[in-house]
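The file query.cif contains mmCIF, N, CA and C atoms, pLDDT in the B column; chains and numbers go by the auth columns:
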```
data_final
#
loop_
_atom_site.group_PDB
_atom_site.id
_atom_site.type_symbol
_atom_site.label_atom_id
_atom_site.label_comp_id
_atom_site.label_asym_id
_atom_site.label_seq_id
_atom_site.Cartn_x
_atom_site.Cartn_y
_atom_site.Cartn_z
_atom_site.B_iso_or_equiv
_atom_site.auth_seq_id
_atom_site.auth_asym_id
ATOM 1 N N MET A 1 0.446 -22.836 -0.620 43.00 1158 Q
ATOM 2 C CA MET A 1 1.378 -22.574 -1.693 43.00 1158 Q
ATOM 3 C C MET A 1 1.146 -21.157 -2.211 43.00 1158 Q
ATOM 4 N N SER A 2 2.222 -20.425 -2.449 51.00 1159 Q
ATOM 5 C CA SER A 2 2.086 -19.046 -2.893 51.00 1159 Q
ATOM 6 C C SER A 2 2.098 -18.944 -4.414 51.00 1159 Q
ATOM 7 N N LYS A 3 1.543 -17.856 -4.892 56.00 1160 Q
ATOM 8 C CA LYS A 3 1.542 -17.559 -6.319 56.00 1160 Q
ATOM 9 C C LYS A 3 2.478 -16.366 -6.521 56.00 1160 Q
ATOM 10 N N ASP A 4 3.418 -16.460 -7.436 53.00 1161 Q
ATOM 11 C CA ASP A 4 4.294 -15.337 -7.749 53.00 1161 Q
ATOM 12 C C ASP A 4 3.904 -14.793 -9.106 53.00 1161 Q
ATOM 13 N N TYR A 5 3.293 -13.622 -9.125 59.00 1162 Q
ATOM 14 C CA TYR A 5 2.888 -13.010 -10.374 59.00 1162 Q
ATOM 15 C C TYR A 5 2.545 -11.547 -10.122 59.00 1162 Q
ATOM 16 N N ILE A 6 2.375 -10.834 -11.176 78.00 1163 Q
ATOM 17 C CA ILE A 6 1.975 -9.434 -11.074 78.00 1163 Q
ATOM 18 C C ILE A 6 0.598 -9.296 -11.705 78.00 1163 Q
ATOM 19 N N ARG A 7 -0.261 -8.613 -10.973 88.00 1164 Q
ATOM 20 C CA ARG A 7 -1.565 -8.254 -11.517 88.00 1164 Q
ATOM 21 C C ARG A 7 -1.928 -6.901 -10.949 88.00 1164 Q
ATOM 22 N N LEU A 8 -2.762 -6.191 -11.635 90.00 1165 Q
ATOM 23 C CA LEU A 8 -3.251 -4.914 -11.162 90.00 1165 Q
ATOM 24 C C LEU A 8 -4.128 -5.149 -9.934 90.00 1165 Q
ATOM 25 N N ALA A 9 -3.942 -4.351 -8.906 93.00 1166 Q
ATOM 26 C CA ALA A 9 -4.761 -4.490 -7.705 93.00 1166 Q
ATOM 27 C C ALA A 9 -6.223 -4.211 -8.042 93.00 1166 Q
ATOM 28 N N ASN A 10 -7.119 -5.022 -7.473 95.00 1167 Q
ATOM 29 C CA ASN A 10 -8.552 -4.846 -7.706 95.00 1167 Q
ATOM 30 C C ASN A 10 -9.180 -4.114 -6.517 95.00 1167 Q
ATOM 31 N N GLU A 11 -10.495 -3.966 -6.548 95.00 1168 Q
ATOM 32 C CA GLU A 11 -11.200 -3.244 -5.477 95.00 1168 Q
ATOM 33 C C GLU A 11 -10.982 -3.889 -4.105 95.00 1168 Q
ATOM 34 N N GLU A 12 -10.961 -5.200 -4.062 95.00 1169 Q
ATOM 35 C CA GLU A 12 -10.718 -5.903 -2.797 95.00 1169 Q
ATOM 36 C C GLU A 12 -9.330 -5.560 -2.258 95.00 1169 Q
ATOM 37 N N ASP A 13 -8.342 -5.518 -3.140 96.00 1170 Q
ATOM 38 C CA ASP A 13 -6.984 -5.143 -2.725 96.00 1170 Q
ATOM 39 C C ASP A 13 -6.956 -3.717 -2.198 96.00 1170 Q
ATOM 40 N N LEU A 14 -7.607 -2.809 -2.915 95.00 1171 Q
ATOM 41 C CA LEU A 14 -7.609 -1.408 -2.501 95.00 1171 Q
ATOM 42 C C LEU A 14 -8.306 -1.227 -1.154 95.00 1171 Q
ATOM 43 N N THR A 15 -9.345 -2.005 -0.900 96.00 1172 Q
ATOM 44 C CA THR A 15 -10.019 -1.970 0.401 96.00 1172 Q
ATOM 45 C C THR A 15 -9.074 -2.449 1.496 96.00 1172 Q
ATOM 46 N N LEU A 16 -8.334 -3.528 1.224 96.00 1173 Q
ATOM 47 C CA LEU A 16 -7.357 -4.047 2.187 96.00 1173 Q
ATOM 48 C C LEU A 16 -6.251 -3.032 2.446 96.00 1173 Q
ATOM 49 N N ILE A 17 -5.735 -2.415 1.400 96.00 1174 Q
ATOM 50 C CA ILE A 17 -4.670 -1.418 1.541 96.00 1174 Q
ATOM 51 C C ILE A 17 -5.157 -0.228 2.357 96.00 1174 Q
ATOM 52 N N THR A 18 -6.350 0.251 2.065 96.00 1175 Q
ATOM 53 C CA THR A 18 -6.917 1.380 2.804 96.00 1175 Q
ATOM 54 C C THR A 18 -7.098 1.032 4.280 96.00 1175 Q
ATOM 55 N N ALA A 19 -7.619 -0.143 4.556 96.00 1176 Q
ATOM 56 C CA ALA A 19 -7.801 -0.571 5.958 96.00 1176 Q
ATOM 57 C C ALA A 19 -6.462 -0.682 6.671 96.00 1176 Q
ATOM 58 N N TYR A 20 -5.453 -1.193 5.982 95.00 1177 Q
ATOM 59 C CA TYR A 20 -4.117 -1.330 6.560 95.00 1177 Q
ATOM 60 C C TYR A 20 -3.540 0.048 6.898 95.00 1177 Q
ATOM 61 N N PHE A 21 -3.668 1.004 5.968 95.00 1178 Q
ATOM 62 C CA PHE A 21 -3.174 2.357 6.227 95.00 1178 Q
ATOM 63 C C PHE A 21 -3.931 3.014 7.375 95.00 1178 Q
ATOM 64 N N LYS A 22 -5.235 2.822 7.444 96.00 1179 Q
ATOM 65 C CA LYS A 22 -6.021 3.415 8.528 96.00 1179 Q
ATOM 66 C C LYS A 22 -5.624 2.823 9.881 96.00 1179 Q
ATOM 67 N N GLN A 23 -5.375 1.516 9.909 95.00 1180 Q
ATOM 68 C CA GLN A 23 -4.926 0.872 11.145 95.00 1180 Q
ATOM 69 C C GLN A 23 -3.556 1.414 11.552 95.00 1180 Q
ATOM 70 N N ALA A 24 -2.661 1.545 10.588 94.00 1181 Q
ATOM 71 C CA ALA A 24 -1.323 2.075 10.872 94.00 1181 Q
ATOM 72 C C ALA A 24 -1.408 3.522 11.345 94.00 1181 Q
ATOM 73 N N LEU A 25 -2.280 4.316 10.739 95.00 1182 Q
ATOM 74 C CA LEU A 25 -2.446 5.703 11.145 95.00 1182 Q
ATOM 75 C C LEU A 25 -2.893 5.779 12.602 95.00 1182 Q
ATOM 76 N N GLY A 26 -3.834 4.937 12.987 94.00 1183 Q
ATOM 77 C CA GLY A 26 -4.284 4.900 14.381 94.00 1183 Q
ATOM 78 C C GLY A 26 -3.152 4.587 15.331 94.00 1183 Q
ATOM 79 N N HIS A 27 -2.313 3.642 14.942 93.00 1184 Q
ATOM 80 C CA HIS A 27 -1.165 3.277 15.784 93.00 1184 Q
ATOM 81 C C HIS A 27 -0.204 4.458 15.926 93.00 1184 Q
ATOM 82 N N TYR A 28 0.151 5.079 14.808 94.00 1185 Q
ATOM 83 C CA TYR A 28 1.119 6.178 14.851 94.00 1185 Q
ATOM 84 C C TYR A 28 0.551 7.411 15.541 94.00 1185 Q
ATOM 85 N N GLU A 29 -0.751 7.626 15.451 92.00 1186 Q
ATOM 86 C CA GLU A 29 -1.376 8.720 16.203 92.00 1186 Q
ATOM 87 C C GLU A 29 -1.258 8.442 17.698 92.00 1186 Q
ATOM 88 N N ALA A 30 -1.461 7.198 18.099 93.00 1187 Q
ATOM 89 C CA ALA A 30 -1.401 6.829 19.519 93.00 1187 Q
ATOM 90 C C ALA A 30 -0.012 7.027 20.109 93.00 1187 Q
ATOM 91 N N VAL A 31 1.024 6.794 19.303 93.00 1188 Q
ATOM 92 C CA VAL A 31 2.395 6.925 19.820 93.00 1188 Q
ATOM 93 C C VAL A 31 3.041 8.256 19.437 93.00 1188 Q
ATOM 94 N N GLY A 32 2.326 9.090 18.685 90.00 1189 Q
ATOM 95 C CA GLY A 32 2.813 10.424 18.369 90.00 1189 Q
ATOM 96 C C GLY A 32 3.899 10.505 17.311 90.00 1189 Q
ATOM 97 N N GLU A 33 3.921 9.579 16.382 90.00 1190 Q
ATOM 98 C CA GLU A 33 4.914 9.586 15.292 90.00 1190 Q
ATOM 99 C C GLU A 33 4.428 10.490 14.156 90.00 1190 Q
ATOM 100 N N LEU A 34 4.809 11.764 14.229 90.00 1191 Q
ATOM 101 C CA LEU A 34 4.274 12.753 13.299 90.00 1191 Q
ATOM 102 C C LEU A 34 4.670 12.497 11.845 90.00 1191 Q
ATOM 103 N N MET A 35 5.914 12.125 11.571 91.00 1192 Q
ATOM 104 C CA MET A 35 6.348 11.896 10.192 91.00 1192 Q
ATOM 105 C C MET A 35 5.590 10.732 9.562 91.00 1192 Q
ATOM 106 N N ALA A 36 5.452 9.651 10.302 92.00 1193 Q
ATOM 107 C CA ALA A 36 4.718 8.491 9.792 92.00 1193 Q
ATOM 108 C C ALA A 36 3.251 8.863 9.559 92.00 1193 Q
ATOM 109 N N MET A 37 2.686 9.641 10.465 92.00 1194 Q
ATOM 110 C CA MET A 37 1.294 10.063 10.308 92.00 1194 Q
ATOM 111 C C MET A 37 1.114 10.881 9.034 92.00 1194 Q
ATOM 112 N N GLN A 38 2.046 11.781 8.755 93.00 1195 Q
ATOM 113 C CA GLN A 38 1.961 12.604 7.547 93.00 1195 Q
ATOM 114 C C GLN A 38 2.043 11.738 6.292 93.00 1195 Q
ATOM 115 N N ASP A 39 2.969 10.774 6.286 91.00 1196 Q
ATOM 116 C CA ASP A 39 3.118 9.892 5.122 91.00 1196 Q
ATOM 117 C C ASP A 39 1.839 9.098 4.865 91.00 1196 Q
ATOM 118 N N ILE A 40 1.273 8.544 5.925 93.00 1197 Q
ATOM 119 C CA ILE A 40 0.071 7.718 5.772 93.00 1197 Q
ATOM 120 C C ILE A 40 -1.116 8.575 5.348 93.00 1197 Q
ATOM 121 N N LYS A 41 -1.243 9.758 5.920 95.00 1198 Q
ATOM 122 C CA LYS A 41 -2.326 10.653 5.512 95.00 1198 Q
ATOM 123 C C LYS A 41 -2.192 11.008 4.032 95.00 1198 Q
ATOM 124 N N TYR A 42 -0.964 11.212 3.572 92.00 1199 Q
ATOM 125 C CA TYR A 42 -0.732 11.499 2.157 92.00 1199 Q
ATOM 126 C C TYR A 42 -1.245 10.344 1.293 92.00 1199 Q
ATOM 127 N N PHE A 43 -0.880 9.116 1.675 90.00 1200 Q
ATOM 128 C CA PHE A 43 -1.355 7.937 0.939 90.00 1200 Q
ATOM 129 C C PHE A 43 -2.879 7.886 0.910 90.00 1200 Q
ATOM 130 N N LEU A 44 -3.501 8.036 2.061 94.00 1201 Q
ATOM 131 C CA LEU A 44 -4.957 7.931 2.148 94.00 1201 Q
ATOM 132 C C LEU A 44 -5.654 9.024 1.333 94.00 1201 Q
ATOM 133 N N GLN A 45 -5.105 10.226 1.334 94.00 1202 Q
ATOM 134 C CA GLN A 45 -5.722 11.328 0.612 94.00 1202 Q
ATOM 135 C C GLN A 45 -5.496 11.236 -0.895 94.00 1202 Q
ATOM 136 N N ASN A 46 -4.504 10.457 -1.312 92.00 1203 Q
ATOM 137 C CA ASN A 46 -4.134 10.405 -2.731 92.00 1203 Q
ATOM 138 C C ASN A 46 -4.189 9.007 -3.329 92.00 1203 Q
ATOM 139 N N MET A 47 -4.918 8.110 -2.695 90.00 1204 Q
ATOM 140 C CA MET A 47 -4.978 6.714 -3.157 90.00 1204 Q
ATOM 141 C C MET A 47 -5.350 6.594 -4.629 90.00 1204 Q
ATOM 142 N N GLU A 48 -6.253 7.436 -5.105 90.00 1205 Q
ATOM 143 C CA GLU A 48 -6.699 7.314 -6.490 90.00 1205 Q
ATOM 144 C C GLU A 48 -5.617 7.680 -7.497 90.00 1205 Q
ATOM 145 N N HIS A 49 -4.540 8.307 -7.036 89.00 1206 Q
ATOM 146 C CA HIS A 49 -3.447 8.692 -7.936 89.00 1206 Q
ATOM 147 C C HIS A 49 -2.325 7.647 -7.990 89.00 1206 Q
ATOM 148 N N PHE A 50 -2.370 6.676 -7.108 89.00 1207 Q
ATOM 149 C CA PHE A 50 -1.361 5.620 -7.068 89.00 1207 Q
ATOM 150 C C PHE A 50 -1.826 4.438 -7.899 89.00 1207 Q
ATOM 151 N N GLN A 51 -0.873 3.696 -8.431 88.00 1208 Q
ATOM 152 C CA GLN A 51 -1.191 2.419 -9.061 88.00 1208 Q
ATOM 153 C C GLN A 51 -0.586 1.331 -8.176 88.00 1208 Q
ATOM 154 N N PHE A 52 -1.384 0.323 -7.886 91.00 1209 Q
ATOM 155 C CA PHE A 52 -0.931 -0.792 -7.057 91.00 1209 Q
ATOM 156 C C PHE A 52 -0.966 -2.072 -7.879 91.00 1209 Q
ATOM 157 N N PHE A 53 0.062 -2.889 -7.721 92.00 1210 Q
ATOM 158 C CA PHE A 53 0.169 -4.179 -8.383 92.00 1210 Q
ATOM 159 C C PHE A 53 0.493 -5.229 -7.335 92.00 1210 Q
ATOM 160 N N VAL A 54 -0.073 -6.411 -7.479 94.00 1211 Q
ATOM 161 C CA VAL A 54 0.252 -7.515 -6.586 94.00 1211 Q
ATOM 162 C C VAL A 54 1.517 -8.177 -7.106 94.00 1211 Q
ATOM 163 N N LEU A 55 2.546 -8.223 -6.258 93.00 1212 Q
ATOM 164 C CA LEU A 55 3.797 -8.892 -6.625 93.00 1212 Q
ATOM 165 C C LEU A 55 3.819 -10.340 -6.178 93.00 1212 Q
ATOM 166 N N LYS A 56 3.347 -10.553 -4.960 91.00 1213 Q
ATOM 167 C CA LYS A 56 3.356 -11.902 -4.392 91.00 1213 Q
ATOM 168 C C LYS A 56 2.166 -12.034 -3.467 91.00 1213 Q
ATOM 169 N N GLU A 57 1.529 -13.197 -3.519 89.00 1214 Q
ATOM 170 C CA GLU A 57 0.332 -13.430 -2.715 89.00 1214 Q
ATOM 171 C C GLU A 57 0.408 -14.827 -2.130 89.00 1214 Q
ATOM 172 N N SER A 58 0.218 -14.921 -0.820 89.00 1215 Q
ATOM 173 C CA SER A 58 0.168 -16.224 -0.159 89.00 1215 Q
ATOM 174 C C SER A 58 -0.918 -16.154 0.910 89.00 1215 Q
ATOM 175 N N SER A 59 -1.119 -17.244 1.608 89.00 1216 Q
ATOM 176 C CA SER A 59 -2.128 -17.236 2.669 89.00 1216 Q
ATOM 177 C C SER A 59 -1.662 -16.409 3.871 89.00 1216 Q
ATOM 178 N N GLU A 60 -0.360 -16.120 3.953 92.00 1217 Q
ATOM 179 C CA GLU A 60 0.189 -15.361 5.079 92.00 1217 Q
ATOM 180 C C GLU A 60 0.311 -13.866 4.811 92.00 1217 Q
ATOM 181 N N GLN A 61 0.531 -13.480 3.548 94.00 1218 Q
ATOM 182 C CA GLN A 61 0.747 -12.069 3.260 94.00 1218 Q
ATOM 183 C C GLN A 61 0.562 -11.767 1.778 94.00 1218 Q
ATOM 184 N N ILE A 62 0.370 -10.477 1.507 95.00 1219 Q
ATOM 185 C CA ILE A 62 0.310 -9.981 0.129 95.00 1219 Q
ATOM 186 C C ILE A 62 1.346 -8.869 0.022 95.00 1219 Q
ATOM 187 N N THR A 63 2.142 -8.904 -1.037 95.00 1220 Q
ATOM 188 C CA THR A 63 3.119 -7.857 -1.287 95.00 1220 Q
ATOM 189 C C THR A 63 2.687 -7.076 -2.518 95.00 1220 Q
ATOM 190 N N TYR A 64 2.603 -5.765 -2.344 95.00 1221 Q
ATOM 191 C CA TYR A 64 2.190 -4.872 -3.416 95.00 1221 Q
ATOM 192 C C TYR A 64 3.360 -4.004 -3.859 95.00 1221 Q
ATOM 193 N N LEU A 65 3.404 -3.730 -5.130 91.00 1222 Q
ATOM 194 C CA LEU A 65 4.270 -2.703 -5.690 91.00 1222 Q
ATOM 195 C C LEU A 65 3.359 -1.515 -5.943 91.00 1222 Q
ATOM 196 N N PHE A 66 3.803 -0.336 -5.557 90.00 1223 Q
ATOM 197 C CA PHE A 66 2.994 0.835 -5.870 90.00 1223 Q
ATOM 198 C C PHE A 66 3.847 1.864 -6.583 90.00 1223 Q
ATOM 199 N N GLU A 67 3.176 2.606 -7.452 86.00 1224 Q
ATOM 200 C CA GLU A 67 3.839 3.646 -8.223 86.00 1224 Q
ATOM 201 C C GLU A 67 3.279 4.988 -7.802 86.00 1224 Q
ATOM 202 N N PHE A 68 4.197 5.876 -7.429 82.00 1225 Q
ATOM 203 C CA PHE A 68 3.791 7.220 -7.036 82.00 1225 Q
ATOM 204 C C PHE A 68 3.234 7.966 -8.233 82.00 1225 Q
ATOM 205 N N PRO A 69 2.375 8.953 -7.974 77.00 1226 Q
ATOM 206 C CA PRO A 69 1.881 9.781 -9.080 77.00 1226 Q
ATOM 207 C C PRO A 69 3.051 10.426 -9.818 77.00 1226 Q
ATOM 208 N N GLY A 70 2.843 10.798 -11.064 72.00 1227 Q
ATOM 209 C CA GLY A 70 3.896 11.373 -11.887 72.00 1227 Q
ATOM 210 C C GLY A 70 4.610 12.541 -11.230 72.00 1227 Q
ATOM 211 N N THR A 71 5.890 12.651 -11.505 62.00 1228 Q
ATOM 212 C CA THR A 71 6.684 13.745 -10.973 62.00 1228 Q
ATOM 213 C C THR A 71 7.045 14.694 -12.108 62.00 1228 Q
ATOM 214 N N GLU A 72 7.541 15.854 -11.764 65.00 1229 Q
ATOM 215 C CA GLU A 72 7.872 16.869 -12.760 65.00 1229 Q
ATOM 216 C C GLU A 72 8.940 16.404 -13.740 65.00 1229 Q
ATOM 217 N N ASN A 73 9.909 15.645 -13.261 65.00 1230 Q
ATOM 218 C CA ASN A 73 11.006 15.216 -14.134 65.00 1230 Q
ATOM 219 C C ASN A 73 10.731 13.866 -14.794 65.00 1230 Q
ATOM 220 N N SER A 74 9.513 13.400 -14.737 69.00 1231 Q
ATOM 221 C CA SER A 74 9.054 12.156 -15.378 69.00 1231 Q
ATOM 222 C C SER A 74 9.757 10.892 -14.871 69.00 1231 Q
ATOM 223 N N LYS A 75 10.378 10.958 -13.710 73.00 1232 Q
ATOM 224 C CA LYS A 75 10.981 9.756 -13.128 73.00 1232 Q
ATOM 225 C C LYS A 75 9.888 8.935 -12.467 73.00 1232 Q
ATOM 226 N N ARG A 76 9.958 7.636 -12.678 75.00 1233 Q
ATOM 227 C CA ARG A 76 9.003 6.736 -12.018 75.00 1233 Q
ATOM 228 C C ARG A 76 9.529 6.414 -10.634 75.00 1233 Q
ATOM 229 N N GLU A 77 8.718 6.654 -9.633 84.00 1234 Q
ATOM 230 C CA GLU A 77 9.085 6.310 -8.271 84.00 1234 Q
ATOM 231 C C GLU A 77 8.152 5.213 -7.796 84.00 1234 Q
ATOM 232 N N THR A 78 8.737 4.162 -7.248 85.00 1235 Q
ATOM 233 C CA THR A 78 7.949 3.027 -6.784 85.00 1235 Q
ATOM 234 C C THR A 78 8.327 2.661 -5.358 85.00 1235 Q
ATOM 235 N N GLY A 79 7.501 1.869 -4.752 89.00 1236 Q
ATOM 236 C CA GLY A 79 7.756 1.343 -3.427 89.00 1236 Q
ATOM 237 C C GLY A 79 7.023 0.025 -3.275 89.00 1236 Q
ATOM 238 N N THR A 80 7.261 -0.646 -2.178 93.00 1237 Q
ATOM 239 C CA THR A 80 6.556 -1.900 -1.905 93.00 1237 Q
ATOM 240 C C THR A 80 5.852 -1.800 -0.561 93.00 1237 Q
ATOM 241 N N LEU A 81 4.816 -2.574 -0.434 94.00 1238 Q
ATOM 242 C CA LEU A 81 4.016 -2.640 0.781 94.00 1238 Q
ATOM 243 C C LEU A 81 3.675 -4.095 1.029 94.00 1238 Q
ATOM 244 N N MET A 82 4.047 -4.610 2.186 95.00 1239 Q
ATOM 245 C CA MET A 82 3.745 -5.989 2.556 95.00 1239 Q
ATOM 246 C C MET A 82 2.675 -5.947 3.637 95.00 1239 Q
ATOM 247 N N ILE A 83 1.551 -6.614 3.390 96.00 1240 Q
ATOM 248 C CA ILE A 83 0.461 -6.655 4.353 96.00 1240 Q
ATOM 249 C C ILE A 83 0.297 -8.090 4.846 96.00 1240 Q
ATOM 250 N N PRO A 84 0.545 -8.300 6.139 94.00 1241 Q
ATOM 251 C CA PRO A 84 0.319 -9.647 6.675 94.00 1241 Q
ATOM 252 C C PRO A 84 -1.173 -9.936 6.752 94.00 1241 Q
ATOM 253 N N LEU A 85 -1.548 -11.153 6.459 91.00 1242 Q
ATOM 254 C CA LEU A 85 -2.946 -11.558 6.520 91.00 1242 Q
ATOM 255 C C LEU A 85 -3.161 -12.382 7.782 91.00 1242 Q
ATOM 256 N N GLN A 86 -4.248 -12.112 8.465 79.00 1243 Q
ATOM 257 C CA GLN A 86 -4.562 -12.855 9.676 79.00 1243 Q
ATOM 258 C C GLN A 86 -5.742 -13.750 9.409 79.00 1243 Q
ATOM 259 N N ASN A 87 -5.651 -14.967 9.839 57.00 1244 Q
ATOM 260 C CA ASN A 87 -6.771 -15.907 9.710 57.00 1244 Q
ATOM 261 C C ASN A 87 -7.591 -15.869 10.983 57.00 1244 Q
ATOM 262 N N ASN A 88 -8.634 -15.040 10.973 42.00 1245 Q
ATOM 263 C CA ASN A 88 -9.490 -14.907 12.166 42.00 1245 Q
ATOM 264 C C ASN A 88 -10.725 -15.744 12.015 42.00 1245 Q
#
```
Can you present the structure in this file as structure tokens?
Amino acid sequence: MSKDYIRLANEEDLTLITAYFKQALGHYEAVGELMAMQDIKYFLQNMEHFQFFVLKESSEQITYLFEFPGTENSKRETGTLMIPLQNN
């Protein structure tokens, strides 16, 4: 059964997000996707400036809302990240 709620991502979440980005970076490096590699490197280099919130959590996946660092025009920019969980 899934839980639908919002909470601030904790250290365990941030470790999972970092591992997911590193795995994705390895994949995109292998296939030569330069734009995706740049985006992921940006995330990894600036993780401490992002805020992550858990939107939905189940045994199959976790969905995060993230907020980009502040912009010059004070607009809030957000995105979502869905990480599938594997039961190994």
I'd like to know which residues of segment 1198-1231 of chain Q are helix (DSSP H, G or I) (by DSSP, run on the backbone); could you write them as a PyMOL selection string?
chain Q and resi 1198-1202+1204-1206
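Note that atom CA of Met1239 of chain Q and atom CA of Ala1176 of chain Q are 13.2 Å apart.
The gap separating atom CA of His1206 of chain Q from atom N of Ala1181 of chain Q is 19.9 Å, in Å to one decimal.
Contact shell of segment 1216-1230 of chain Q at 6 Å (only C-alpha atoms; same-chain neighbours under 4 positions omitted): His1206, Phe1207, Gln1208, Phe1209, Phe1210, Val1211, Leu1212, Glu1234, Thr1235, Gly1236, Thr1237, Leu1238, Met1239, Ile1240, Pro1241 and Leu1242 of chain Q.
Note that DSSP on the backbone gives strand (DSSP E) to these residues of chain Q: Lys1160, Asp1161, Tyr1162, Ile1163, Arg1164, Leu1165, Gln1208, Phe1209, Phe1210, Val1211, Leu1212, Lys1213, Glu1214, Gln1218, Ile1219, Thr1220, Tyr1221, Leu1222, Phe1223, Glu1224, Thr1235, Gly1236, Thr1237, Leu1238, Met1239, Ile1240 and Pro1241 of chain Q.
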Keeping N, CA and C atoms for every residue in the selection just given, could you write it to a file as a JSON list (two decimals), keeping the file's coordinate frame?
```
[["chain", "number", "residue", "atom", "x", "y", "z"],
["Q", 1160, "LYS", "N", 1.54, -17.86, -4.89],
["Q", 1160, "LYS", "CA", 1.54, -17.56, -6.32],
["Q", 1160, "LYS", "C", 2.48, -16.37, -6.52],
["Q", 1161, "ASP", "N", 3.42, -16.46, -7.44],
["Q", 1161, "ASP", "CA", 4.29, -15.34, -7.75],
["Q", 1161, "ASP", "C", 3.90, -14.79, -9.11],
["Q", 1162, "TYR", "N", 3.29, -13.62, -9.12],
["Q", 1162, "TYR", "CA", 2.89, -13.01, -10.37],
["Q", 1162, "TYR", "C", 2.54, -11.55, -10.12],
["Q", 1163, "ILE", "N", 2.38, -10.83, -11.18],
["Q", 1163, "ILE", "CA", 1.98, -9.43, -11.07],
["Q", 1163, "ILE", "C", 0.60, -9.30, -11.70],
["Q", 1164, "ARG", "N", -0.26, -8.61, -10.97],
["Q", 1164, "ARG", "CA", -1.56, -8.25, -11.52],
["Q", 1164, "ARG", "C", -1.93, -6.90, -10.95],
["Q", 1165, "LEU", "N", -2.76, -6.19, -11.64],
["Q", 1165, "LEU", "CA", -3.25, -4.91, -11.16],
["Q", 1165, "LEU", "C", -4.13, -5.15, -9.93],
["Q", 1208, "GLN", "N", -0.87, 3.70, -8.43],
["Q", 1208, "GLN", "CA", -1.19, 2.42, -9.06],
["Q", 1208, "GLN", "C", -0.59, 1.33, -8.18],
["Q", 1209, "PHE", "N", -1.38, 0.32, -7.89],
["Q", 1209, "PHE", "CA", -0.93, -0.79, -7.06],
["Q", 1209, "PHE", "C", -0.97, -2.07, -7.88],
["Q", 1210, "PHE", "N", 0.06, -2.89, -7.72],
["Q", 1210, "PHE", "CA", 0.17, -4.18, -8.38],
["Q", 1210, "PHE", "C", 0.49, -5.23, -7.34],
["Q", 1211, "VAL", "N", -0.07, -6.41, -7.48],
["Q", 1211, "VAL", "CA", 0.25, -7.52, -6.59],
["Q", 1211, "VAL", "C", 1.52, -8.18, -7.11],
["Q", 1212, "LEU", "N", 2.55, -8.22, -6.26],
["Q", 1212, "LEU", "CA", 3.80, -8.89, -6.62],
["Q", 1212, "LEU", "C", 3.82, -10.34, -6.18],
["Q", 1213, "LYS", "N", 3.35, -10.55, -4.96],
["Q", 1213, "LYS", "CA", 3.36, -11.90, -4.39],
["Q", 1213, "LYS", "C", 2.17, -12.03, -3.47],
["Q", 1214, "GLU", "N", 1.53, -13.20, -3.52],
["Q", 1214, "GLU", "CA", 0.33, -13.43, -2.72],
["Q", 1214, "GLU", "C", 0.41, -14.83, -2.13],
["Q", 1218, "GLN", "N", 0.53, -13.48, 3.55],
["Q", 1218, "GLN", "CA", 0.75, -12.07, 3.26],
["Q", 1218, "GLN", "C", 0.56, -11.77, 1.78],
["Q", 1219, "ILE", "N", 0.37, -10.48, 1.51],
["Q", 1219, "ILE", "CA", 0.31, -9.98, 0.13],
["Q", 1219, "ILE", "C", 1.35, -8.87, 0.02],
["Q", 1220, "THR", "N", 2.14, -8.90, -1.04],
["Q", 1220, "THR", "CA", 3.12, -7.86, -1.29],
["Q", 1220, "THR", "C", 2.69, -7.08, -2.52],
["Q", 1221, "TYR", "N", 2.60, -5.76, -2.34],
["Q", 1221, "TYR", "CA", 2.19, -4.87, -3.42],
["Q", 1221, "TYR", "C", 3.36, -4.00, -3.86],
["Q", 1222, "LEU", "N", 3.40, -3.73, -5.13],
["Q", 1222, "LEU", "CA", 4.27, -2.70, -5.69],
["Q", 1222, "LEU", "C", 3.36, -1.52, -5.94],
["Q", 1223, "PHE", "N", 3.80, -0.34, -5.56],
["Q", 1223, "PHE", "CA", 2.99, 0.84, -5.87],
["Q", 1223, "PHE", "C", 3.85, 1.86, -6.58],
["Q", 1224, "GLU", "N", 3.18, 2.61, -7.45],
["Q", 1224, "GLU", "CA", 3.84, 3.65, -8.22],
["Q", 1224, "GLU", "C", 3.28, 4.99, -7.80],
["Q", 1235, "THR", "N", 8.74, 4.16, -7.25],
["Q", 1235, "THR", "CA", 7.95, 3.03, -6.78],
["Q", 1235, "THR", "C", 8.33, 2.66, -5.36],
["Q", 1236, "GLY", "N", 7.50, 1.87, -4.75],
["Q", 1236, "GLY", "CA", 7.76, 1.34, -3.43],
["Q", 1236, "GLY", "C", 7.02, 0.02, -3.28],
["Q", 1237, "THR", "N", 7.26, -0.65, -2.18],
["Q", 1237, "THR", "CA", 6.56, -1.90, -1.90],
["Q", 1237, "THR", "C", 5.85, -1.80, -0.56],
["Q", 1238, "LEU", "N", 4.82, -2.57, -0.43],
["Q", 1238, "LEU", "CA", 4.02, -2.64, 0.78],
["Q", 1238, "LEU", "C", 3.68, -4.10, 1.03],
["Q", 1239, "MET", "N", 4.05, -4.61, 2.19],
["Q", 1239, "MET", "CA", 3.74, -5.99, 2.56],
["Q", 1239, "MET", "C", 2.68, -5.95, 3.64],
["Q", 1240, "ILE", "N", 1.55, -6.61, 3.39],
["Q", 1240, "ILE", "CA", 0.46, -6.66, 4.35],
["Q", 1240, "ILE", "C", 0.30, -8.09, 4.85],
["Q", 1241, "PRO", "N", 0.55, -8.30, 6.14],
["Q", 1241, "PRO", "CA", 0.32, -9.65, 6.68],
["Q", 1241, "PRO", "C", -1.17, -9.94, 6.75]]
```
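For Leu1201 of chain Q, the list of residues within 8 Å, based on only C-alpha atoms and with local chain neighbours fewer than 5 positions off taken out, reads Q:Thr1175, Q:Phe1178, Q:Lys1179.
Taking atom CA of Ala1166 of chain Q as the reference point, atom CA of Ala1193 of chain Q is found at 23.8 Å.
Minimum distance to Tyr1177 of chain Q across Q:Gln1195, Q:Ser1215, Q:Phe1200, Q:Arg1233 (counting only C-alpha atoms) occurs at Q:Phe1200.
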